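Okay, so here's the structure we're looking at.
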Amino acid sequence: MIKKIFILGPTASGKTELAKYVYDHFEVELISVDSAQIYRGMNIGTAKPSDIELLQYPHHLINIKDPLERYSVSEFRQDVERVSIEAQANAKNLLLVGGTMMYFNALEYSLDDIPASTLEIRKKVDQELTQYGLDVLYKKLKTIDPIAATKINSSDKQRIQRAIEVFYLSGKPLSSFQKNKEKIKFSHEILKIALVPSDRILLHDQIQKRTQDMLSNGLLSEVECLMASHQELSDHYPSFRSVGYRQAYRFILGEIQKEDLAYKITVATRQLAKRQLTWIRGMRNLVVFDPFAKNLQSSVKKEIKQFLKN
């Protein structure tokens, strides 16, 4: 019977390196759970494994979309089920690694029939944000969907915008789509390994280093190339709403000063990590490890070995 192993955690917590270690020691198919690494040409800003690494550690669901395309949670779940069938035929288990918590959630719970956003609606909400500010948008959310507003932090721009988009698209509050969420009954078991740092400062240091490395390795050139090859591309598209890409795009447009770029990317990445950790705290049946512990790999190996044995 096929089993799933999740490795999830905030950005810059070492998920990829741990996944490579697990891949070396167990018979698994590796699946990326990253909503930005799906895009071709977006390599530096997503910390995507290199081409050499991908040859040695082949990942499913990396480089499957162009930056102008969209990829839904439903598509992700369907793709995972397809890989599951292939893995079972080859007597392998699944190793899913990444930081897109909504994707992980979709593998455990039924999907809400929430309408997909459109470019026009996304532009409309973006314009409202620019014109009125996040506080006004949050007040609007409390009026149109007080239930959702109690579950969304007033500083969580992404979720606030999404909730308002849903209301504009459907005329119904987001919370009305979320009342009948039921757990999916899988025919296989799941081990959920969560990387949660005991010292948040260490994570912040890693985030700052990652930002500097991305800029040194050519993030701006990468974004310029993407804009040149995809004339329509802007931060109205999900690909360029990703942390790092949005800030680089805004810098190229002249809306961010050079001396502020690294700081803005670092702050946005910290906010992303905070949202990821909030998701993790709300998840059940986790086996939690400190990503900066010296015995991390051996401890995880022992946990997985016991899980597969059972």
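Just remember, in the structure tokens the first chain shown is A, the second B, etc., residues are 1-based per chain, and ligands are 1-based in the order shown.
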Can you list, as a PyMOL selection string, all residues belonging to segment 63-102 of chain A that DSSP tags as strand (DSSP E)?
-> chain A and resi 93-98
Excluding same-chain residues fewer than 6 positions from segment 48-54 of chain A, what lies within 8 Å of it counting only C-alpha atoms, as a PyMOL selection string?
-> chain A and resi 16+37+42
Any chance you could tabulate, as JSON lines, the residues of segment 124-209 of chain A at most 12 Å from segment 276-286 of chain A with each one's nearest atom pair and distance in Å to one decimal, using only C-alpha atoms, in chain and rising number order?
{"residue": "A:Lys151", "atom": "CA", "partner": "A:Thr278", "partner_atom": "CA", "distance": 11.3}
{"residue": "A:Ile152", "atom": "CA", "partner": "A:Thr278", "partner_atom": "CA", "distance": 10.8}
{"residue": "A:Asn153", "atom": "CA", "partner": "A:Thr278", "partner_atom": "CA", "distance": 10.4}
{"residue": "A:Asp156", "atom": "CA", "partner": "A:Thr278", "partner_atom": "CA", "distance": 11.3}
{"residue": "A:Lys183", "atom": "CA", "partner": "A:Arg284", "partner_atom": "CA", "distance": 11.7}
{"residue": "A:Glu189", "atom": "CA", "partner": "A:Asn285", "partner_atom": "CA", "distance": 11.8}
{"residue": "A:Ile190", "atom": "CA", "partner": "A:Asn285", "partner_atom": "CA", "distance": 9.5}
{"residue": "A:Leu191", "atom": "CA", "partner": "A:Leu286", "partner_atom": "CA", "distance": 7.6}
{"residue": "A:Lys192", "atom": "CA", "partner": "A:Leu286", "partner_atom": "CA", "distance": 5.1}
{"residue": "A:Ile193", "atom": "CA", "partner": "A:Leu286", "partner_atom": "CA", "distance": 6.0}
{"residue": "A:Ala194", "atom": "CA", "partner": "A:Leu286", "partner_atom": "CA", "distance": 6.3}
{"residue": "A:Leu195", "atom": "CA", "partner": "A:Ile280", "partner_atom": "CA", "distance": 9.2}
{"residue": "A:Val196", "atom": "CA", "partner": "A:Leu277", "partner_atom": "CA", "distance": 7.4}
{"residue": "A:Pro197", "atom": "CA", "partner": "A:Leu277", "partner_atom": "CA", "distance": 9.6}
{"residue": "A:Ser198", "atom": "CA", "partner": "A:Leu277", "partner_atom": "CA", "distance": 11.7}
{"residue": "A:Arg200", "atom": "CA", "partner": "A:Leu277", "partner_atom": "CA", "distance": 10.7}
{"residue": "A:Leu203", "atom": "CA", "partner": "A:Leu277", "partner_atom": "CA", "distance": 11.6}
Coordinates-based distance that separates atom CA of Leu61 of chain A from atom CA of Lys301 of chain A (Å, one decimal) | 24.2 Å
Do a neighbour search on Ser298 of chain A at 10 Å with only C-alpha atoms, toss out local chain neighbours closer than 4 positions, and write the hits as a PyMOL selection string.
-> chain A and resi 21-22+294+302-304
Could you turn the residues from that selection into a file that holds C-alpha atoms, as a PDB file, in the first residue's frame?
ATOM      1  CA  TYR A  21      18.679  13.052   1.958  1.00  0.00           C
ATOM      2  CA  VAL A  22      15.416  11.111   2.275  1.00  0.00           C
ATOM      3  CA  LYS A 294      22.393  18.962  14.315  1.00  0.00           C
ATOM      4  CA  LYS A 302      14.520   7.066  11.968  1.00  0.00           C
ATOM      5  CA  GLU A 303      10.959   8.451  11.955  1.00  0.00           C
ATOM      6  CA  ILE A 304      10.392   7.549   8.303  1.00  0.00           C
TER       7      ILE A 304
END
Hey, what's within 10 Å of Thr11 of chain A if we count only C-alpha atoms and toss same-chain stuff fewer than 3 positions away? As a count of residues only, please?
-> 21
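Remark: for Phe167 of chain A, the closest of the candidate residues A:Pro115, A:Pro10, A:Gly244, A:Pro238 is A:Pro115 (distances computed over only C-alpha atoms).
Atom CA of Phe240 of chain A lies 29.5 Å from atom CA of Thr143 of chain A.
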